[in-house]
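Structure first, then comments.
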Amino acid sequence: MSVRVRFAPSPTGYLHIGAARSALFNWLYARKTGGTFLLRIEDTDFQRSTDESTRSILEGLKWLGLDYDEELVFQSANADKHRAAALRLVEEGKAYRDFTPKEQRADANVKQEIAERARHASTEGTDHRANPYRDLSLEESNRRATEGEPFAVRLKIAREGHSSFEDAVYGLQERDYSEIEDLVLLRSDGHPLYNLSVVCDDIEMRITDVVRGQDHLTNTHKQILIYEALGAAIPRFAHLPLILAPNKAKLSKRKHGEVVSLTTYRDRGFIPAAFRNFLALLGWSPAGEEKEIMSLAELTEKFTLEGVHRSPAVFNFSDADPRQWTDQKALWMNAEYIRTLPIEELLPMVRAEFESAGLWRAEYETSKREWFAKTIDLIRQRFYTLKDFSGQGRAYFADDIEFDDAAVAKNLKKEPRLKELLPALGQRIAQVKTFNVVTAEETLRAFADESSVKAGLLINASRTALTGQAVGPSMFDVFDAIGQSRSVARLRDAARLV
RNA sequence: GGCCCGUUCGUCUAGGGGUUAGGACGUAGCCCUCUCAAGGCUAAAACACGAGUUCAAUUCUCGUACGGGCUACCA
């Protein structure tokens, strides 16, 4: 039977990078095995689900290049089927109506409550099967339900035995039934609960392999019990190690902010292939492979569930240091992609960046196309994100240069003679007949000799005069890229900064 | 509290009964050089701890510690 996997996010916020990685691994596994990759939006929590989140998830997957097969499924559309399944289990005696009035529970301190309740239970000794309605006759149960008494539906867990499954990543997993309480399938308001919905939908979508975060590992036993009650085939499971924050806690929106959102990476100038590559290597590594830069095709070819790790991975970043706003390796990988991508693939991304920065000009695709490609190719060597093209790279495409104070101090203000030398150099350059990398160098060096100054002085001063910065490509390439007339104008203008 | 999972340089990781414990990011230094990168070379940097098995344990087993997850009429 061919592999069918799914990515099933809940649309309660942006796409979390951990979720994005789950999607990626599912996708890779599907493509690797020639299987099918499905997408299901788990929007059953109508309080928190938003259309905007759904849109953001779809955009995120598209950005990462993860296309899904078949129709998108919205879990909320199947609520009736989930309800019917639960009621069917009641009829079959595999589940029962619990008429205990619903407890009020404040979401904020659930974890604490659970711990307290558990502590209590362990001192008194609990019986998960002690529910008084567990053995109510079906007739009585039906009668009370017909009379309109509210009830939740609970799955009847056997008193003896244990469940087990072989996780493709974590190995054999066993859990005694005594540790599992009769879990609620349907709320008293008729709303189907997560574990039921997931199982029903996975059955209906004919999912063969459930690949998801490790946070679901222990709940899997409950889901298996639901599969069994429903008489459905149990899929294979593979749980993925969690991605942790530097403080070793689960990465979360509330605590760690935008660094966990996939859209942040898009908005801050990441190349999809680079971020995808980075994500793939977080919690997975290809067998006997030292190369880390891998295309989607290579990742697909190398991907195996056996290569998935069991220990969690720390996503390393620092709130204190803006240069480390995200993992340094991700940043390095993005830079690597920026300088090695075929220029034709990079250009559209730069264009998008320029359009949003207001730097785009139509002639970059027509009369100045060649110049544009050459200039981008020149400056990309030392850039980390696409943002750098409109930031540090601005001087090549606009005339309102921003001068870096440190650069001005270092390259212009230190030598008073530059006040005369710069315009004079400009004058000299203006006279060059054929201005290019070679003649720019000849002119500058000759002028330096005549003026009895080191070429380096003029080179560095020119760099700041022309680009506003202290760092950049070889200066003669810069002259060539910026062109004769603009170079002359900027050299003259820079005298005021000396 | 109970159950489950994990632990190799700061981080991502390779490896696996005998290795100088390998690579990548980051850090430092050198080379190159008109600056900064890139590139090349080099350096510092790790098997959580304790027992057991064994001629030999970082690797296998068991404990301990630490970290994480789950435990809800949330998803």
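If you're wondering about the labels, chains in the structure tokens are A, B, ... by order shown, residues count from 1 in each chain, ligands from 1 in order shown.
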For C66 of chain B: contacts at 12 Å, only C-alpha atoms (C1' of nucleotides), fewer than 5 positions along chain excluded, given as a compact mmCIF listing (two decimals) with N, CA and C atoms (P, O5', C5', C4', C3', O3' and C1' of nucleotides), in the first residue's frame:
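Contents of the output file part_4.txt:
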```txt
# COMPACT_ATOMS: atom_id res chain seq x y z
N LYS A 248 16.30 25.55 26.79
CA LYS A 248 15.87 24.15 26.75
C LYS A 248 14.36 23.93 26.93
P G B 6 14.80 7.44 24.53
O5' G B 6 15.68 8.77 24.69
C5' G B 6 15.91 9.62 23.59
C4' G B 6 16.38 10.96 24.07
C3' G B 6 17.79 11.02 24.63
O3' G B 6 18.72 11.14 23.57
C1' G B 6 16.33 12.20 26.06
P U B 7 20.22 10.60 23.82
O5' U B 7 20.90 11.74 24.71
C5' U B 7 20.85 13.11 24.24
C4' U B 7 21.60 13.98 25.22
C3' U B 7 23.04 13.54 25.43
O3' U B 7 23.92 14.66 25.49
C1' U B 7 21.84 13.48 27.49
P A B 48 27.93 12.17 28.01
O5' A B 48 28.42 12.76 29.41
C5' A B 48 28.68 14.14 29.58
C4' A B 48 28.36 14.56 30.99
C3' A B 48 28.73 13.53 32.06
O3' A B 48 30.08 13.70 32.46
C1' A B 48 26.50 14.23 32.39
P C B 49 30.97 12.40 32.80
O5' C B 49 30.45 11.99 34.24
C5' C B 49 30.57 12.90 35.34
C4' C B 49 29.82 12.34 36.52
C3' C B 49 30.16 10.89 36.87
O3' C B 49 31.33 10.81 37.67
C1' C B 49 27.81 11.16 36.83
```
When you get a sec, could you note down which chain B residues fall within 10 Å of chain A, using only C-alpha atoms (C1' of nucleotides), as a PDB file with C-alpha atoms (C1' of nucleotides), in the first residue's frame?
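The result, written out as selection-v8.pdb:
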```
ATOM      1  C1'   G B   1       2.905  13.360  41.771  1.00  0.00           C
ATOM      2  C1'   G B   2       2.596   9.365  37.823  1.00  0.00           C
ATOM      3  C1'   C B   3       3.988   7.701  33.000  1.00  0.00           C
ATOM      4  C1'   C B   4       7.105   8.430  28.788  1.00  0.00           C
ATOM      5  C1'   C B   5      11.469  10.409  26.173  1.00  0.00           C
ATOM      6  C1'   G B   6      16.334  12.196  26.060  1.00  0.00           C
ATOM      7  C1'   U B   7      21.842  13.485  27.493  1.00  0.00           C
ATOM      8  C1'   G B  10      28.638  27.032  23.255  1.00  0.00           C
ATOM      9  C1'   U B  11      25.008  25.230  19.074  1.00  0.00           C
ATOM     10  C1'   C B  12      23.742  21.555  14.908  1.00  0.00           C
ATOM     11  C1'   U B  13      25.817  16.765  14.520  1.00  0.00           C
ATOM     12  C1'   A B  14      29.188  12.000  12.796  1.00  0.00           C
ATOM     13  C1'   G B  15      30.709   7.764  15.107  1.00  0.00           C
ATOM     14  C1'   G B  22      35.360  13.449  12.708  1.00  0.00           C
ATOM     15  C1'   G B  23      32.517  17.572  10.267  1.00  0.00           C
ATOM     16  C1'   A B  24      29.573  22.288  10.242  1.00  0.00           C
ATOM     17  C1'   C B  25      28.181  27.111  12.573  1.00  0.00           C
ATOM     18  C1'   G B  26      30.239  30.418  15.957  1.00  0.00           C
ATOM     19  C1'   U B  33      44.428  41.858   0.388  1.00  0.00           C
ATOM     20  C1'   C B  34      42.496  48.632  -1.345  1.00  0.00           C
ATOM     21  C1'   U B  35      38.327  47.681   3.104  1.00  0.00           C
ATOM     22  C1'   C B  36      34.990  43.914   4.566  1.00  0.00           C
ATOM     23  C1'   A B  37      33.608  39.304   3.296  1.00  0.00           C
ATOM     24  C1'   A B  38      34.656  34.829   0.667  1.00  0.00           C
ATOM     25  C1'   G B  67      16.535  18.482  30.908  1.00  0.00           C
ATOM     26  C1'   G B  68      12.081  17.810  28.205  1.00  0.00           C
ATOM     27  C1'   G B  69       7.142  15.923  26.966  1.00  0.00           C
ATOM     28  C1'   C B  70       2.405  14.073  28.332  1.00  0.00           C
ATOM     29  C1'   U B  71      -1.133  13.730  32.031  1.00  0.00           C
ATOM     30  C1'   A B  72      -7.696  18.851  30.300  1.00  0.00           C
ATOM     31  C1'   C B  73     -15.246  18.193  28.546  1.00  0.00           C
ATOM     32  C1'   C B  74      -7.305  22.373  24.934  1.00  0.00           C
ATOM     33  C1'   A B  75      -5.150  21.250  20.134  1.00  0.00           C
TER      34        A B  75
END
```
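For the pair atom CA of Ala407 of chain A and atom CA of Leu425 of chain A, the separation is 19.4 Å.
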Apply DSSP to the backbone of this structure and, from segment 177-382 of chain A, keep only the residues in alpha helix (DSSP H); write these as a PyMOL selection string. chain A and resi 194-204+219-230+253-256+262-267+272-280+296-302+328-340+343-357+369-379
Which residues in segment 166-370 of chain A does DSSP call strand (DSSP E or B)? List them as JSON, numbers by chain. {"A": [166, 167, 171, 172, 173, 174, 175, 176, 184, 185, 186, 192, 209, 210, 211, 212, 213, 236, 237, 238, 239, 240, 243, 244, 250, 261, 284, 308, 313, 314]}
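Here atom CA of Glu365 of chain A is placed at a distance of 26.3 Å from atom CA of Gly468 of chain A.
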Could you give me, as a list in words, the residues within 8 Å of Ala168 of chain A, counting only C-alpha atoms (C1' of nucleotides) and dropping anything in the same chain fewer than 6 positions from it?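 Everything that qualifies: Arg236, Phe237, Ala238, His239, Leu305 and Glu306 of chain A.
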Could you work out how far atom CA of Leu15 of chain A lies from atom CA of Leu39 of chain A, giving the answer in Å with one decimal? 13.5 Å
Fewer than 3 positions away in the same chain doesn't count, so skip those; otherwise give me all residues within 8 Å of Val437 of chain A, counting only C-alpha atoms (C1' of nucleotides), as a count of residues only. 6
Excluding same-chain residues fewer than 2 positions from Ala395 of chain A, what lies within 12 Å of it counting only C-alpha atoms (C1' of nucleotides), as an MDAnalysis selection string? chainID A and resid 359 375 379 388:393 397:404 463:469 472 478:479 481:483 486:487 490
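By chain and then residue number, the residues within 12 Å of Ala130 of chain A are Asp98, Gly125, Thr126, Asp127, Tyr133, Arg134, Asp135, Lys156, Ile157, Arg159, Ser178, Glu181 and Asp182 of chain A, counting only C-alpha atoms (C1' of nucleotides) and disregarding those fewer than 3 positions away in sequence.
Omitting G52 of chain B and its sequence neighbours fewer than 2 positions away, and counting only C-alpha atoms (C1' of nucleotides), the residues within 12 Å are B:G50, B:U54, B:A57, B:C60, B:U61, B:C62, B:G63.
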Quick one: write out the picked residues with N, CA and C atoms (P, O5', C5', C4', C3', O3' and C1' of nucleotides) as a JSON list (two decimals), in the first residue's frame?
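Dumped everything to part_6.json:
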```json
[["chain", "number", "residue", "atom", "x", "y", "z"],
["B", 50, "G", "P", 32.23, 9.47, 37.62],
["B", 50, "G", "O5'", 31.31, 8.42, 38.38],
["B", 50, "G", "C5'", 30.98, 8.63, 39.75],
["B", 50, "G", "C4'", 30.12, 7.51, 40.23],
["B", 50, "G", "C3'", 30.60, 6.12, 39.84],
["B", 50, "G", "O3'", 31.63, 5.68, 40.70],
["B", 50, "G", "C1'", 28.27, 6.28, 39.44],
["B", 54, "U", "P", 32.69, -10.32, 33.32],
["B", 54, "U", "O5'", 33.51, -9.75, 32.08],
["B", 54, "U", "C5'", 33.19, -10.15, 30.75],
["B", 54, "U", "C4'", 33.92, -9.30, 29.77],
["B", 54, "U", "C3'", 35.40, -9.13, 30.05],
["B", 54, "U", "O3'", 36.15, -10.24, 29.58],
["B", 54, "U", "C1'", 34.46, -7.02, 29.53],
["B", 57, "A", "P", 36.85, -0.38, 30.41],
["B", 57, "A", "O5'", 36.65, 1.06, 29.74],
["B", 57, "A", "C5'", 36.76, 1.22, 28.34],
["B", 57, "A", "C4'", 35.49, 1.86, 27.82],
["B", 57, "A", "C3'", 34.74, 2.63, 28.88],
["B", 57, "A", "O3'", 34.33, 3.87, 28.33],
["B", 57, "A", "C1'", 33.31, 1.06, 27.83],
["B", 60, "C", "P", 25.22, 1.97, 23.41],
["B", 60, "C", "O5'", 25.29, 0.54, 24.11],
["B", 60, "C", "C5'", 24.94, -0.64, 23.40],
["B", 60, "C", "C4'", 24.92, -1.81, 24.36],
["B", 60, "C", "C3'", 24.16, -1.55, 25.65],
["B", 60, "C", "O3'", 22.77, -1.76, 25.49],
["B", 60, "C", "C1'", 26.25, -2.54, 26.15],
["B", 61, "U", "P", 21.73, -1.00, 26.43],
["B", 61, "U", "O5'", 21.92, -1.73, 27.83],
["B", 61, "U", "C5'", 21.50, -3.08, 28.01],
["B", 61, "U", "C4'", 21.64, -3.43, 29.46],
["B", 61, "U", "C3'", 21.05, -2.41, 30.42],
["B", 61, "U", "O3'", 19.65, -2.62, 30.61],
["B", 61, "U", "C1'", 23.23, -2.98, 31.13],
["B", 62, "C", "P", 18.74, -1.39, 31.03],
["B", 62, "C", "O5'", 19.13, -1.22, 32.57],
["B", 62, "C", "C5'", 18.89, -2.26, 33.50],
["B", 62, "C", "C4'", 19.50, -1.89, 34.81],
["B", 62, "C", "C3'", 19.13, -0.51, 35.31],
["B", 62, "C", "O3'", 17.84, -0.50, 35.90],
["B", 62, "C", "C1'", 21.45, -0.84, 35.59],
["B", 63, "G", "P", 17.16, 0.89, 36.29],
["B", 63, "G", "O5'", 17.82, 1.08, 37.71],
["B", 63, "G", "C5'", 17.63, 2.28, 38.40],
["B", 63, "G", "C4'", 18.85, 2.60, 39.22],
["B", 63, "G", "C3'", 18.98, 4.08, 39.43],
["B", 63, "G", "O3'", 18.15, 4.48, 40.51],
["B", 63, "G", "C1'", 21.05, 3.22, 38.70]]
```
